[in-house]
>>> print(open('data00.tsv').read())   # TSV, C-alpha atoms
chain	number	residue	atom	x	y	z
A	17	MET	CA	1.30	77.16	64.09
A	18	TYR	CA	-2.29	76.78	62.89
A	19	ARG	CA	-3.55	76.44	66.45
A	20	LEU	CA	-1.51	79.46	67.53
A	21	ILE	CA	-3.01	81.61	64.76
A	22	LEU	CA	-6.52	80.48	65.66
A	23	PHE	CA	-5.87	81.24	69.34
A	24	VAL	CA	-4.58	84.74	68.53
A	25	CYS	CA	-7.58	85.38	66.29
A	26	PHE	CA	-9.97	84.16	68.98
A	27	MET	CA	-8.42	86.33	71.68
A	28	MET	CA	-8.47	89.43	69.47
A	29	SER	CA	-12.10	88.79	68.56
A	30	LEU	CA	-12.97	89.22	72.23
A	31	TYR	CA	-11.70	92.79	72.33
A	32	ALA	CA	-14.10	95.69	71.85
A	33	GLU	CA	-13.78	97.63	68.60
A	34	GLU	CA	-12.27	100.64	70.37
A	35	ASN	CA	-9.37	98.44	71.52
A	36	LEU	CA	-8.70	97.04	68.04
A	37	PHE	CA	-9.35	100.06	65.85
A	38	LYS	CA	-9.06	103.83	66.04
A	39	ALA	CA	-10.97	106.44	64.09
A	40	LEU	CA	-9.08	108.75	61.75
A	41	PRO	CA	-8.86	112.38	62.86
A	42	ASP	CA	-10.64	115.00	60.75
A	43	THR	CA	-7.36	116.78	60.04
A	44	ILE	CA	-3.66	116.25	60.58
A	45	GLN	CA	-1.15	118.94	61.57
A	46	THR	CA	1.28	119.86	58.79
A	47	ASP	CA	3.28	122.83	57.58
A	48	ALA	CA	0.96	124.55	55.10
A	49	LYS	CA	3.70	126.08	52.92
A	50	LYS	CA	5.63	122.81	52.73
A	51	SER	CA	2.55	120.75	51.94
A	52	GLU	CA	1.48	123.17	49.19
A	53	LEU	CA	4.93	122.91	47.61
A	54	GLY	CA	4.73	119.14	47.99
A	55	ARG	CA	1.33	119.14	46.27
A	56	LEU	CA	2.82	120.90	43.25
A	57	LEU	CA	5.73	118.46	43.11
A	58	PHE	CA	3.42	115.46	43.52
A	59	HIS	CA	1.51	116.49	40.40
A	60	ASP	CA	4.49	117.66	38.33
A	61	PRO	CA	5.82	115.31	35.59
A	62	LEU	CA	9.03	117.35	35.63
A	63	LEU	CA	10.28	114.84	38.20
A	64	SER	CA	10.40	112.10	35.55
A	65	LYS	CA	13.08	111.62	32.89
A	66	ASP	CA	10.93	112.68	29.93
A	67	SER	CA	8.38	114.77	31.85
A	68	SER	CA	5.62	112.26	31.11
A	69	VAL	CA	4.96	110.77	34.54
A	70	SER	CA	4.18	112.35	37.92
A	71	CYS	CA	3.40	110.83	41.29
A	72	ALA	CA	-0.26	111.51	40.52
A	73	THR	CA	-0.08	109.45	37.32
A	74	CYS	CA	-0.05	106.21	39.31
A	75	HIS	CA	-1.71	107.75	42.38
A	76	PRO	CA	-4.64	109.87	41.10
A	77	LEU	CA	-6.11	111.30	44.28
A	78	VAL	CA	-9.73	111.44	43.10
A	79	ASN	CA	-9.47	107.71	42.32
A	80	TYR	CA	-8.54	106.93	45.92
A	81	GLY	CA	-4.83	107.06	45.15
A	82	VAL	CA	-4.62	104.16	42.68
A	83	ASP	CA	-4.75	103.84	38.89
A	84	GLY	CA	-6.86	100.67	38.89
A	85	LEU	CA	-4.25	98.68	36.96
A	86	GLN	CA	-2.78	95.34	37.96
A	87	LYS	CA	0.65	96.93	37.58
A	88	SER	CA	1.42	100.52	36.64
A	89	PHE	CA	3.33	101.91	33.68
A	90	GLY	CA	6.30	104.21	34.05
A	91	VAL	CA	8.40	106.23	31.60
A	92	ASN	CA	8.33	104.80	28.06
A	93	GLY	CA	5.49	102.48	29.05
A	94	THR	CA	7.73	100.33	31.24
A	95	LEU	CA	5.63	97.90	33.31
A	96	GLY	CA	6.13	97.89	37.08
A	97	GLU	CA	6.74	94.80	39.19
A	98	ARG	CA	3.99	95.22	41.79
A	99	ASN	CA	0.52	96.64	42.20
A	100	THR	CA	0.46	100.33	43.08
A	101	PRO	CA	-0.67	100.87	46.70
A	102	THR	CA	-2.81	103.86	47.61
A	103	VAL	CA	-1.14	106.98	48.99
A	104	TRP	CA	-4.19	107.88	51.06
A	105	ASN	CA	-3.60	107.34	54.79
A	106	SER	CA	-0.04	106.15	54.06
A	107	VAL	CA	1.22	108.36	56.88
A	108	TYR	CA	-0.20	105.74	59.26
A	109	ASN	CA	1.74	102.82	57.75
A	110	PHE	CA	4.66	101.67	59.87
A	111	SER	CA	6.82	101.44	56.73
A	112	GLN	CA	6.41	102.25	53.05
A	113	PHE	CA	6.26	100.12	49.88
A	114	TRP	CA	5.05	96.51	49.82
A	115	ASP	CA	8.43	95.28	51.04
A	116	GLY	CA	8.98	98.03	53.60
A	117	ARG	CA	12.19	99.26	51.99
A	118	ALA	CA	11.45	102.83	53.09
A	119	LYS	CA	11.00	103.53	56.78
A	120	ASP	CA	8.84	106.66	56.34
A	121	LEU	CA	7.28	109.00	53.80
A	122	GLU	CA	10.42	111.09	53.34
A	123	GLU	CA	12.49	108.05	52.50
A	124	GLN	CA	9.72	106.79	50.22
A	125	ALA	CA	9.28	110.07	48.33
A	126	LEU	CA	12.47	109.81	46.28
A	127	GLY	CA	12.19	106.09	45.47
A	128	PRO	CA	9.85	106.34	42.45
A	129	ILE	CA	11.93	109.18	40.96
A	130	VAL	CA	15.05	107.02	40.59
A	131	ASN	CA	13.27	103.72	39.92
A	132	PRO	CA	13.98	102.79	36.26
A	133	LEU	CA	10.52	101.20	36.05
A	134	GLU	CA	8.81	104.38	37.20
A	135	MET	CA	10.19	107.89	36.65
A	136	ASN	CA	13.65	106.67	35.61
A	137	GLU	CA	15.38	109.91	36.56
A	138	THR	CA	18.44	110.84	38.62
A	139	LEU	CA	18.21	113.07	41.66
A	140	SER	CA	20.96	115.34	40.37
A	141	SER	CA	19.02	115.91	37.14
A	142	VAL	CA	15.76	116.56	39.01
A	143	LEU	CA	17.42	119.07	41.31
A	144	GLN	CA	18.90	120.88	38.32
A	145	LYS	CA	15.53	121.06	36.58
A	146	LEU	CA	14.00	122.51	39.72
A	147	LYS	CA	16.79	125.07	40.00
A	148	ASN	CA	16.11	126.13	36.43
A	149	ASN	CA	12.50	126.87	37.37
A	150	LYS	CA	12.18	130.34	38.90
A	151	GLU	CA	8.91	129.52	40.66
A	152	TYR	CA	10.34	126.46	42.37
A	153	VAL	CA	13.48	128.38	43.35
A	154	ARG	CA	11.31	131.07	44.93
A	155	ARG	CA	9.12	128.60	46.79
A	156	PHE	CA	11.98	126.48	48.13
A	157	GLU	CA	13.98	129.52	49.27
A	158	ASN	CA	10.91	130.93	50.96
A	159	ILE	CA	10.62	127.75	53.07
A	160	TYR	CA	14.11	126.26	53.42
A	161	ASP	CA	17.28	128.17	54.30
A	162	ASP	CA	19.33	126.03	51.90
A	163	GLY	CA	16.76	126.12	49.08
A	164	ILE	CA	16.51	123.23	46.63
A	165	THR	CA	18.20	120.11	47.97
A	166	GLU	CA	17.53	116.39	47.86
A	167	ARG	CA	16.49	116.42	51.51
A	168	ASN	CA	14.12	119.35	51.07
A	169	LEU	CA	12.56	117.78	47.98
A	170	ALA	CA	11.73	114.65	49.95
A	171	ASN	CA	10.53	116.67	52.93
A	172	ALA	CA	8.08	118.75	50.87
A	173	ILE	CA	6.54	115.75	49.10
A	174	ALA	CA	6.24	113.86	52.39
A	175	GLU	CA	4.62	116.86	54.07
A	176	PHE	CA	1.95	116.90	51.38
A	177	GLU	CA	1.41	113.14	51.61
A	178	LYS	CA	0.81	113.51	55.35
A	179	THR	CA	-2.31	115.52	54.54
A	180	LEU	CA	-3.78	112.64	52.54
A	181	ILE	CA	-6.16	111.15	55.07
A	182	THR	CA	-9.75	110.04	54.46
A	183	PRO	CA	-11.82	110.68	57.60
A	184	ASP	CA	-15.53	110.44	58.26
A	185	SER	CA	-16.16	106.93	56.96
A	186	LYS	CA	-19.21	105.14	58.34
A	187	PHE	CA	-16.88	103.02	60.46
A	188	ASP	CA	-15.14	106.13	61.83
A	189	ARG	CA	-18.51	107.51	62.87
A	190	TYR	CA	-19.29	104.16	64.48
A	191	LEU	CA	-15.98	104.19	66.38
A	192	ASN	CA	-16.67	107.75	67.50
A	193	GLY	CA	-19.82	106.61	69.25
A	194	ASP	CA	-22.60	106.59	66.67
A	195	LYS	CA	-23.71	102.96	66.93
A	196	THR	CA	-26.43	103.60	64.34
A	197	ALA	CA	-23.81	104.39	61.68
A	198	LEU	CA	-23.60	100.73	60.70
A	199	SER	CA	-26.49	98.59	59.53
A	200	GLU	CA	-27.13	95.17	61.05
A	201	GLU	CA	-25.55	93.51	58.02
A	202	GLU	CA	-22.44	95.69	58.37
A	203	LYS	CA	-22.21	94.93	62.08
A	204	GLU	CA	-22.48	91.22	61.32
A	205	GLY	CA	-19.72	91.68	58.76
A	206	LEU	CA	-17.55	93.28	61.45
A	207	ARG	CA	-18.26	90.35	63.77
A	208	LEU	CA	-17.22	87.91	61.05
A	209	PHE	CA	-14.17	90.03	60.25
A	210	LYS	CA	-13.11	89.50	63.85
A	211	SER	CA	-14.18	85.90	64.37
A	212	LYS	CA	-12.68	84.64	61.10
A	213	GLY	CA	-9.36	86.15	62.15
A	214	CYS	CA	-8.94	89.04	59.69
A	215	ILE	CA	-8.22	91.37	62.62
A	216	ALA	CA	-5.04	89.45	63.48
A	217	CYS	CA	-3.34	91.46	60.71
A	218	HIS	CA	-5.83	94.21	59.88
A	219	ASN	CA	-6.20	96.36	62.97
A	220	GLY	CA	-5.17	99.76	64.31
A	221	ILE	CA	-5.95	103.20	62.93
A	222	ASN	CA	-5.21	102.14	59.34
A	223	ILE	CA	-6.83	98.71	59.69
A	224	GLY	CA	-3.53	97.29	58.46
A	225	GLY	CA	-0.11	98.70	57.71
A	226	THR	CA	1.31	97.73	61.11
A	227	LEU	CA	3.30	94.54	60.39
A	228	TYR	CA	4.76	92.22	57.79
A	229	GLN	CA	3.08	88.91	57.08
A	230	LYS	CA	3.94	85.93	54.94
A	231	ILE	CA	1.69	85.66	51.91
A	232	GLY	CA	0.31	82.15	51.58
A	233	VAL	CA	0.58	80.80	55.12
A	234	PHE	CA	-1.62	77.78	54.37
A	235	GLU	CA	-1.70	77.75	50.58
A	236	LYS	CA	-0.19	79.76	47.76
A	237	LEU	CA	-2.04	82.52	46.00
A	238	PRO	CA	-3.93	81.33	42.91
A	239	SER	CA	-1.65	83.57	40.84
A	240	GLY	CA	1.39	81.52	41.87
A	241	SER	CA	3.41	84.69	42.54
A	242	LYS	CA	7.10	84.00	43.11
A	243	ASP	CA	7.84	87.51	44.40
A	244	MET	CA	9.94	87.05	47.56
A	245	GLY	CA	8.88	90.37	49.04
A	246	ARG	CA	10.85	91.59	52.02
A	247	TYR	CA	13.61	89.05	51.38
A	248	ASN	CA	14.69	91.21	48.44
A	249	VAL	CA	15.44	93.97	50.96
A	250	THR	CA	16.92	92.08	53.92
A	251	LYS	CA	18.31	88.91	52.23
A	252	LYS	CA	17.21	87.02	55.35
A	253	VAL	CA	15.74	83.59	54.65
A	254	PHE	CA	12.88	83.98	57.10
A	255	ASP	CA	11.72	87.11	55.25
A	256	LYS	CA	10.91	85.19	52.07
A	257	TYR	CA	7.38	85.94	50.80
A	258	TYR	CA	6.74	88.48	53.57
A	259	PHE	CA	4.98	91.72	52.65
A	260	LYS	CA	3.61	94.69	54.54
A	261	VAL	CA	-0.03	94.08	55.40
A	262	PRO	CA	-1.96	96.73	53.45
A	263	SER	CA	-4.47	99.12	54.93
A	264	LEU	CA	-8.09	98.22	54.25
A	265	ARG	CA	-9.30	101.81	54.34
A	266	ASN	CA	-11.13	102.64	51.09
A	267	VAL	CA	-10.55	99.05	49.98
A	268	GLU	CA	-13.74	98.92	47.90
A	269	LYS	CA	-12.23	101.68	45.74
A	270	THR	CA	-8.69	100.34	45.30
A	271	ALA	CA	-8.97	97.16	43.21
A	272	PRO	CA	-7.16	95.11	42.04
A	273	TYR	CA	-5.72	93.59	45.22
A	274	PHE	CA	-2.55	91.97	46.63
A	275	HIS	CA	1.04	92.86	45.82
A	276	ASP	CA	0.66	91.34	42.35
A	277	GLY	CA	-2.78	92.79	41.65
A	278	SER	CA	-4.09	89.29	40.98
A	279	ALA	CA	-7.45	89.61	42.76
A	280	THR	CA	-9.83	91.72	40.73
A	281	THR	CA	-12.79	91.80	43.12
A	282	LEU	CA	-13.34	92.10	46.85
A	283	LYS	CA	-15.11	88.75	46.87
A	284	GLU	CA	-12.09	87.07	45.32
A	285	ALA	CA	-9.73	88.87	47.71
A	286	VAL	CA	-11.67	87.96	50.86
A	287	GLU	CA	-12.11	84.32	49.87
A	288	THR	CA	-8.43	83.96	48.93
A	289	MET	CA	-7.19	85.58	52.14
A	290	VAL	CA	-9.37	83.44	54.39
A	291	LYS	CA	-8.11	80.28	52.71
A	292	ALA	CA	-4.48	81.22	52.08
A	293	GLN	CA	-3.78	83.16	55.28
A	294	LEU	CA	-6.14	81.57	57.81
A	295	GLY	CA	-6.61	78.07	56.44
A	296	ARG	CA	-10.37	78.28	56.79
A	297	GLU	CA	-13.46	77.92	54.63
A	298	ILE	CA	-15.99	80.68	54.22
A	299	LYS	CA	-19.52	80.76	52.83
A	300	ASP	CA	-20.70	83.17	50.15
A	301	ASP	CA	-23.16	84.85	52.50
A	302	GLU	CA	-20.36	85.39	55.03
A	303	ILE	CA	-18.17	86.95	52.34
A	304	ALA	CA	-21.04	89.26	51.39
A	305	LYS	CA	-21.40	90.43	54.99
A	306	ILE	CA	-17.66	91.03	55.38
A	307	ILE	CA	-17.68	93.03	52.15
A	308	ALA	CA	-20.60	95.07	53.49
A	309	PHE	CA	-18.41	95.93	56.48
A	310	LEU	CA	-15.37	96.69	54.31
A	311	ARG	CA	-17.43	99.20	52.37
A	312	THR	CA	-17.96	101.17	55.58
A	313	LEU	CA	-14.23	101.94	55.55
A	314	THR	CA	-14.58	104.35	52.59
A	315	GLY	CA	-13.84	107.92	53.65
A	316	LYS	CA	-13.72	111.32	52.00
A	317	VAL	CA	-11.11	112.21	49.38
A	318	TYR	CA	-10.23	115.42	47.57
A	319	GLU	CA	-8.05	116.41	44.60
>>> encode(input="data00.tsv", output="structure tokens")
Amino acid sequence: MYRLILFVCFMMSLYAEENLFKALPDTIQTDAKKSELGRLLFHDPLLSKDSSVSCATCHPLVNYGVDGLQKSFGVNGTLGERNTPTVWNSVYNFSQFWDGRAKDLEEQALGPIVNPLEMNETLSSVLQKLKNNKEYVRRFENIYDDGITERNLANAIAEFEKTLITPDSKFDRYLNGDKTALSEEEKEGLRLFKSKGCIACHNGINIGGTLYQKIGVFEKLPSGSKDMGRYNVTKKVFDKYYFKVPSLRNVEKTAPYFHDGSATTLKEAVETMVKAQLGREIKDDEIAKIIAFLRTLTGKVYE
């Protein structure tokens, strides 16, 4: 297996950047009325049991969609089980949540509402609260023929989340043809990113988010996490310890890292991944160059 991984990494390192990665578009097509309604819902704590927590509580947009905590707190200060992933660019993930239990943004949108560790609410109660709000009734009826429903709630939030993309990073400009966008150190970091094998999992438009991978292929994480990941969803033995590979876009802004939030710095994350996932050693100067490249993945955000 080790030789196979090395061979795959070597072959992918031979491809030009344009064949491995794709620049983000400047905008994405959405329904403006739906996304505006979704924006209001995303920021409204009304969706939680005691009106204390909104989607934006754990996913503050100006903070690149994360709260910076190892694990987030829900209603009544209940501690979550996993690190909160960013919502930015999530439209490009092939599934949602660390374990992929939601196939798309619409399916994902309602999950936190009913999760007892997050908003701890019921959908029937949320729908009733929305129906008691004249402004929400007006907005839903102006967009959807059947007004406030579970399906329409999910659709509006997902439509807003589709708009959350972060274009115009240095790497996007580089992919779009400006070869001066990256410094020599950043280009060397990209070369190492490829040659070390990081691109075997982190590729495509989101530089990740395209497959599940076992965490700890060659050695366990230093944290000793016993989270079985996707196995909790499928109950299939071969899915034990598999998680969705996260996007690396804006990664310098989204610490801590991994599903358990156990890596507090990029240096720690890179070194751990090279050892645990690729079974290789890496020098400090090589880590520094890879980090220089990773910082070029930071794009523009807005509130």
>>> residues_around(input="data00.tsv", residues="Tyr152 (chain A)", least_positions_apart="6", cutoff="9 Å", atoms="all atoms listed in the file", output="number ranges by chain")
A: 53, 146, 164
>>> residues_around(input="data00.tsv", residues="Lys186 (chain A)", least_positions_apart="6", cutoff="7 Å", atoms="only C-alpha atoms", output="PyMOL selection string")
chain A and resi 197-198+312-313
>>> closest_residue(input="data00.tsv", among="A:Leu133, A:Ile173, A:Ile306, A:Leu126", to="Lys210 (chain A)", atoms="all atoms listed in the file")
A:Ile306
>>> closest_residue(input="data00.tsv", among="A:Arg55, A:Lys212, A:Lys299, A:Arg265", to="Asp184 (chain A)", atoms="only C-alpha atoms")
A:Arg265
>>> residues_around(input="data00.tsv", residues="Leu264 (chain A)", least_positions_apart="4", cutoff="9 Å", atoms="all atoms listed in the file", output="ChimeraX atom specification")
/A:218,222-225,268,310,313
>>> residues_around(input="data00.tsv", residues="Thr226 (chain A)", least_positions_apart="2", cutoff="9 Å", atoms="all atoms listed in the file", output="PyMOL selection string")
chain A and resi 108-111+217-220+222-224+228+260-263
>>> decode(input="data00.tsv", residues="region 240-252 of chain A", atoms="N, CA, C and O atoms", output="mmCIF file, in the first residue's frame")
data_model
loop_
_atom_site.group_PDB
_atom_site.id
_atom_site.type_symbol
_atom_site.label_atom_id
_atom_site.label_comp_id
_atom_site.auth_asym_id
_atom_site.auth_seq_id
_atom_site.Cartn_x
_atom_site.Cartn_y
_atom_site.Cartn_z
ATOM 1 N N GLY A 240 -4.524 10.805 19.599
ATOM 2 C CA GLY A 240 -5.079 9.495 19.918
ATOM 3 C C GLY A 240 -6.584 9.415 19.726
ATOM 4 O O GLY A 240 -7.261 8.595 20.369
ATOM 5 N N SER A 241 -7.137 10.245 18.846
ATOM 6 C CA SER A 241 -8.579 10.272 18.612
ATOM 7 C C SER A 241 -9.131 8.884 18.288
ATOM 8 O O SER A 241 -8.580 8.154 17.474
ATOM 9 N N LYS A 242 -10.237 8.545 18.923
ATOM 10 C CA LYS A 242 -10.894 7.260 18.681
ATOM 11 C C LYS A 242 -12.189 7.435 17.891
ATOM 12 O O LYS A 242 -12.988 6.503 17.755
ATOM 13 N N ASP A 243 -12.406 8.626 17.376
ATOM 14 C CA ASP A 243 -13.581 8.912 16.548
ATOM 15 C C ASP A 243 -13.521 8.040 15.291
ATOM 16 O O ASP A 243 -12.555 8.075 14.539
ATOM 17 N N MET A 244 -14.566 7.254 15.050
ATOM 18 C CA MET A 244 -14.570 6.326 13.912
ATOM 19 C C MET A 244 -15.087 6.957 12.626
ATOM 20 O O MET A 244 -15.186 6.282 11.603
ATOM 21 N N GLY A 245 -15.417 8.240 12.651
ATOM 22 C CA GLY A 245 -15.737 8.943 11.431
ATOM 23 C C GLY A 245 -16.897 8.375 10.647
ATOM 24 O O GLY A 245 -17.996 8.186 11.167
ATOM 25 N N ARG A 246 -16.650 8.091 9.383
ATOM 26 C CA ARG A 246 -17.728 7.686 8.476
ATOM 27 C C ARG A 246 -18.381 6.366 8.894
ATOM 28 O O ARG A 246 -19.536 6.107 8.536
ATOM 29 N N TYR A 247 -17.681 5.557 9.637
ATOM 30 C CA TYR A 247 -18.264 4.299 10.123
ATOM 31 C C TYR A 247 -19.533 4.558 10.927
ATOM 32 O O TYR A 247 -20.486 3.755 10.880
ATOM 33 N N ASN A 248 -19.579 5.669 11.641
ATOM 34 C CA ASN A 248 -20.758 6.008 12.432
ATOM 35 C C ASN A 248 -21.988 6.242 11.554
ATOM 36 O O ASN A 248 -23.123 6.168 12.036
ATOM 37 N N VAL A 249 -21.752 6.531 10.275
ATOM 38 C CA VAL A 249 -22.850 6.766 9.334
ATOM 39 C C VAL A 249 -23.223 5.475 8.598
ATOM 40 O O VAL A 249 -24.405 5.116 8.506
ATOM 41 N N THR A 250 -22.212 4.764 8.089
ATOM 42 C CA THR A 250 -22.472 3.610 7.227
ATOM 43 C C THR A 250 -22.501 2.276 7.962
ATOM 44 O O THR A 250 -23.083 1.312 7.470
ATOM 45 N N LYS A 251 -21.828 2.199 9.130
ATOM 46 C CA LYS A 251 -21.659 0.954 9.893
ATOM 47 C C LYS A 251 -20.901 -0.114 9.105
ATOM 48 O O LYS A 251 -20.984 -1.305 9.404
ATOM 49 N N LYS A 252 -20.134 0.321 8.115
ATOM 50 C CA LYS A 252 -19.303 -0.594 7.337
ATOM 51 C C LYS A 252 -17.892 -0.595 7.909
ATOM 52 O O LYS A 252 -17.300 0.473 8.115
#
